[in-house]
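Notes follow once the structure below has been shown.
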Amino acid sequence: MCGITAIVSRDSRLRNSSLHNALKTLELRGPDEHGVWEDELVSIGHRRLSVMGLTNGRQPISSPCGQIVVACNGELYDYKKLRDEFCNEYPFKTASDSEILIPLYLRHGIEGMMKYLIGEFAFVLYDKRIATLYAVRDRFGIKPLCWYHDKNQTIVASKAKAMMACGITAEWDRISLMQSLSMHYQPTDRTMFANIKQVEPGHILVCKEGTPPGIIKYWDINYPQDTSYIQLTTAEEKEYIDEFHSLLYESVRTRLMSDVPVCCHLSGGLDSSTIAGMMSKMMINEPVHCFTIVFPDTDAEYDEDSLATETVEHIGGVMHRIKISQSQILDNLSDAVYHSEGLAVNGHLSCKYLLNREIRKEGFKVALTGEGADECLAGYPHLRKDIIATLSDSDREELTTRLYETNLAITGTEIAVGNTLDCSAFEHRLGYIPSFLQAKASIGYRMYQFLSDDMLCECRSHDFFHELLDRYDTDHLLRGRHTVNQSLYFWTKLTLCNYILATLGDGCEMASSIEGRLPFLDHRLFEYAARLPMQMKIQSYTNEKYILKEAARPYITSRVYNRQKHPFQSPPLTRFFTTEDYRRLRDDLTSQDFSATGIFDVRKVARLIDSIPSMSILDQTIYEPVVMLMLTIKHMNNRLLR
């Protein structure tokens, strides 16, 4: 895992100073070594976290003729197989997986080469022959990639702060800020910072001197046009389960390839427990080191210590507990926001930051995680709400009531409570409103109560749900698909890319120079899962990730097998706090610097904070995302926009 930057400009003095400053901000992404390549038009810089080819993998890497140059962040799996294929036509000079990009490009071109790439990656490739720089992001957005363009230069980098180090003014992107206030997530092609954009997942940025950058889409999620919910025979189910198991097992095996030790993130849930169990079958000469966040000062609704401990004992692993208090969440929130460059609705942002810091302290550079399983297999409770909504009135009411009763931790963040902003654009365009977007609209409705008059007026001048729909090809990619798959499409584009992968994932991992690897987001596995009958994902409308539970039986305990999905959440600061925690929370959100942002009416915010101790448990829970968004906006403003 690494940090990359590239600058296209005829001004060599501008490029030289900017590149040096940008690489300095990316040091934690690549603390082991750095390299630079330059010509009269382009400068490319690379910071390396050495994981593969420890002594012979320095980047940027150029072709023998010097006309093609690459710098890559991430891992390209199956590169050894590809190297064997090219060994007679290309003279490899490093042991790096990244070098395979050059012969692939020379043979297939930039779009043609993409189907051969498996892994988590973002890279730049410069073809001097045609004076063109390509910036490529993986299919799901596991690795970040930002860009900026003006009349003098185009800059590409792993993080927005690298652009700020090049002299780009650090200001709020008003559209991203307002959409985040309305539905938590900024648009997938924008960052939180003015004029600094993202290369979208599955896209290629094409930079030629003298022209604005162009965009090529090389991959997208394409669910089948099938809305049926069918019963399968036992033999048909077994065939699906066996094939899924084979694909997942191979994905885990592939992601264990490393020249440094590998560990795993472990919660008490099905996804990470399955990964840890499969790892234990493959790492026969050493135990799996499992890192688990525990909350000793709260209840079992949030603390998964006993489940994780049972899994570690089951697989013969080594348990590493990271005990986290509410005070530690507050203590580390500012740093977590700074490194992730994202806003959060829960203290899990600080927790992920602390988890990866501990992993690094224990000497690991690589960690496998269970992220992506719920996107792959429709695991979230809000997706069950979507499918329940298709049933008759009596069945729908009973199952919906049960869903809410057993999912208090995510009530208000993933399943809606109370009034919402207007989501009718989805009803008009698709015939339904995804449950998770209703939940985000309920956060937005509550958030609007505390905005300054100017910000409220500006937000109300937009229909962000209509604008969201306009960003995607709903006619060709969504119409006629199962409602659960339609919801998954938007969740994957918004929540997975912008939050789970960027903010909670890469942002918190690379803050401690940790490379995260995600077996469930192998695109071959994901594409297979996308074609599955819905019954293999959600059985009988209530049993989520059915195919994974069956495929994982040899690796997990019966408690994990029978447990309902519980998304990772830290105990809400609005429910579990000491007197000191509460004082700090109030001081932060009534401070002069918070008021000076002009985003919120601090008098209204103060009344909210004052009312928290007397709220019901439900209200304390549903106001958690409002308070956390405020806190993370404050820290982003203080750390990145001043």
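Labels used: A, B, ... for chains in the order of the structure tokens, numbers from 1 for residues in each chain, and numbers from 1 for ligands as shown.
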- request: Using DSSP on the backbone coordinates, identify all residues within region 22-156 of chain A classified as strand (DSSP E or B); present the result as a ChimeraX atom specification.
  value: /A:31,33-38,42-48,61-62,68-77,118-127,132-137,146-149,154-156
Each residue of region 334-422 of chain A with at least one atom at most 10 Å from region 468-483 of chain A should appear once, together with its nearest atom pair and the corresponding distance in Å (one decimal); atoms considered: only C-alpha atoms; ordering: chain, then increasing residue number; output as a Markdown table.
```
| residue | atom | partner | partner_atom | distance |
| --- | --- | --- | --- | --- |
| A:Leu383 | CA | A:Thr483 | CA | 8.8 |
| A:Asp386 | CA | A:Thr483 | CA | 7.0 |
| A:Ile387 | CA | A:Thr483 | CA | 7.3 |
| A:Ala389 | CA | A:Thr483 | CA | 9.8 |
| A:Thr390 | CA | A:Thr483 | CA | 9.0 |
```
With 12 Å as the cut-off and only C-alpha atoms counted, what is the closest atom pair between each nearby residue of region 15-133 of chain A and region 261-285 of chain A? Distances in Å to one decimal, ordered by chain and number, as a tab-separated table.
```
residue	atom	partner	partner_atom	distance
A:Ser50	CA	A:Pro261	CA	11.7
A:Val51	CA	A:Pro261	CA	9.0
A:Met52	CA	A:Pro261	CA	11.1
```
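When only C-alpha atoms are used to measure the gap to Lys24 (chain A), the shortest distance among A:Ala409, A:Arg47, A:Thr621, A:Val136 belongs to A:Arg47.
Separating CA of Leu76 (chain A) from CA of Ala367 (chain A) is a distance of 15.8 Å.
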message: as a PyMOL selection string, please: the residues near Thr25 (chain A) (cut-off 8 Å, only C-alpha atoms, same-chain neighbours under 5 positions excluded).
response: chain A and resi 161-162+165
message: Would you pick out the contacts of region 576-586 of chain A at 7 Å or less, using only C-alpha atoms, so that residues sharing its chain but fewer than 6 positions from it are not included, and give the list as a PyMOL selection string?
response: chain A and resi 326-327+609
task: Determine which residues of region 516-595 of chain A receive a DSSP assignment of helix (DSSP H, G or I), computed from the backbone, and state them as a PyMOL selection string.
output: chain A and resi 519-521+523-530+534-537+546-551+558-562+579-589+592-595
- request: Using only C-alpha atoms, determine which residues lie at most 10 Å from His149 (chain A), disregarding the query and same-chain residues fewer than 3 positions distant; provide the list as a PyMOL selection string.
  value: chain A and resi 7-8+152-156+195-197+207+211-213
message: What's around Tyr546 (chain A) at 12 Å? Count only C-alpha atoms, leave out sequence neighbours fewer than 3 positions away in its own chain, and write the answer as a ChimeraX atom specification.
response: /A:237-238,240-241,244,270-271,373-374,376-379,529,532-543,549-553,561-565
message: Which residues are close to Val206 (chain A), i.e. within 9 Å by only C-alpha atoms, leaving aside same-chain residues fewer than 2 positions away? Reply as a PyMOL selection string.
response: chain A and resi 132-136+204+208+212-216
Could you take the residues named above and write them with C-alpha atoms, as a JSON list (two decimals), in the first residue's frame?
```json
[["chain", "number", "residue", "atom", "x", "y", "z"],
["A", 132, "THR", "CA", -1.06, 11.24, -21.90],
["A", 133, "LEU", "CA", -1.37, 10.50, -18.19],
["A", 134, "TYR", "CA", -3.98, 7.98, -17.04],
["A", 135, "ALA", "CA", -5.21, 7.82, -13.44],
["A", 136, "VAL", "CA", -7.11, 4.62, -12.64],
["A", 204, "ILE", "CA", -10.11, 6.22, -15.63],
["A", 208, "LYS", "CA", -3.65, 15.46, -21.98],
["A", 212, "PRO", "CA", -9.59, 19.37, -19.63],
["A", 213, "PRO", "CA", -9.26, 15.83, -18.24],
["A", 214, "GLY", "CA", -11.65, 13.24, -19.66],
["A", 215, "ILE", "CA", -13.34, 10.31, -17.96],
["A", 216, "ILE", "CA", -13.71, 6.69, -19.10]]
```
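Using only C-alpha atoms, the nearest neighbour of Phe526 (chain A) within the list A:Arg29, A:Arg446, A:Arg360, A:Arg139 is A:Arg139.
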field: Coordinates-based distance that separates CA of Ile68 (chain A) from CA of Arg129 (chain A) (Å, one decimal)
entry: 8.1 Å
- prompt: Given the choices A:Ala441, A:Leu629, A:Ile102, A:Leu518, which gets closest to Val252 (chain A) if the distance is worked out from only C-alpha atoms?
  reply: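 Among A:Ala441, A:Leu629, A:Ile102, A:Leu518, it is A:Leu518 that comes nearest to Val252 (chain A).
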